[in-house]
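Presented below is the structure to which this report refers.
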Amino acid sequence: MAVVTAVPSAEEVLQVPASWTDEVPQDWIDMNGHMNIRHYLDLGGLSTDQVIRGLGVDDEYRAHRRMGLFTAEQHLTYLQEMRLGTSITAHVRVLERSSKVCHLVALIMDREKDLLACIFETVLVHVDLDSRRGVAFPDDVAAAYDRLLADDHASYSWPAPVCGIMGPRAR
């Protein structure tokens, strides 16, 4: 994955379906009067989790197949301060995968200003929950991920804003 220094426009980000919608509540505000760092991380994790659940990796998957995803790496880039009551959407692009690792990016938007507020990039490793070791994605999950990848590449002509050092090849 190449390093992208330009961030996508609001129009580009909004082409990606929102996987999370919320607004900044009072308990997310820190002593500086804006949304605390931990909530950007939460939003990135929650929004990418929605996409992963759509692939079939959910509570039932973990309970019955005894496999799940562990976070291996994350990168946050802050671009816009968000304040109390700000309307938020998160838009997740799937980037790439290997036999056991997937790479996604969540683009967190300030919908009141229609500005990209945060880029949350994550690498997840598919694991056997009993051995706690990385294992290959089952065929059905791999195929679902590959359909999302194909849709992503067919739908968006703009490059995903990534740090350039993360992804399956880095694992």
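Labels for the structure tokens follow display order: chains A, B, ..., residues from 1 in each chain, ligands from 1.
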
Check the DSSP output for the backbone and give back, as a ChimeraX atom specification, the residues of chain A in strand (DSSP E or B).
/A:18-23,29,35,67-78,87-97,101-110,115-128,133-134

For segment 153-158 of chain A, work out the shell of residues within 12 Å, counting only C-alpha atoms and skipping chain neighbours fewer than 2 positions away, then give it as number ranges by chain.
A: 4, 6-17, 93-96, 146-151, 160-162

Shell around Met35 of chain A at 12 Å using only C-alpha atoms, local window under 3 positions removed, as number ranges by chain
A: 23-32, 38-43, 78, 80-88, 110, 117-118

I need the residues in segment 33-142 of chain A that are helix (DSSP H, G or I) according to DSSP; give them as a CSV table (one decimal) with C-alpha atoms, in the first residue's frame.
```csv
chain,number,residue,atom,x,y,z
A,37,ILE,CA,-8.5,10.8,21.9
A,38,ARG,CA,-9.9,7.5,23.3
A,39,HIS,CA,-13.3,8.1,21.6
A,40,TYR,CA,-11.7,8.5,18.1
A,41,LEU,CA,-10.2,5.1,18.8
A,42,ASP,CA,-13.5,3.7,19.9
A,43,LEU,CA,-15.3,5.1,16.8
A,44,GLY,CA,-12.7,3.6,14.6
A,45,GLY,CA,-13.0,0.2,16.3
A,46,LEU,CA,-16.8,0.2,16.4
A,47,SER,CA,-17.2,1.3,12.8
A,48,THR,CA,-14.7,-1.3,11.5
A,49,ASP,CA,-16.3,-3.9,13.7
A,50,GLN,CA,-19.6,-3.3,11.9
A,51,VAL,CA,-18.0,-4.1,8.6
A,52,ILE,CA,-16.3,-7.2,10.0
A,53,ARG,CA,-19.6,-8.4,11.4
A,54,GLY,CA,-21.0,-8.1,7.9
A,59,ASP,CA,-20.4,-13.3,18.4
A,60,GLU,CA,-21.9,-16.5,17.0
A,61,TYR,CA,-18.7,-17.0,14.8
A,62,ARG,CA,-16.5,-16.6,17.9
A,63,ALA,CA,-18.7,-18.9,20.0
A,64,HIS,CA,-19.2,-21.7,17.4
A,65,ARG,CA,-16.2,-21.6,15.2
A,139,ASP,CA,-13.2,-19.9,2.7
A,140,ASP,CA,-16.6,-18.2,3.3
A,141,VAL,CA,-15.1,-15.3,5.2
A,142,ALA,CA,-12.2,-14.9,2.8
```

Nearest to Val101 of chain A by atom-to-atom distance, counting only C-alpha atoms, from A:Ala144, A:Leu115, A:Ala136, A:Cys163
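Among the listed residues, the smallest separation from Val101 of chain A belongs to A:Ala136.
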
So the first atom is atom CA of Ala106 of chain A and the second is atom CA of Ala143 of chain A; what is the distance between them in Å, to one decimal place?
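About the pair atom CA of Ala106 of chain A and atom CA of Ala143 of chain A: they are 21.2 Å apart.
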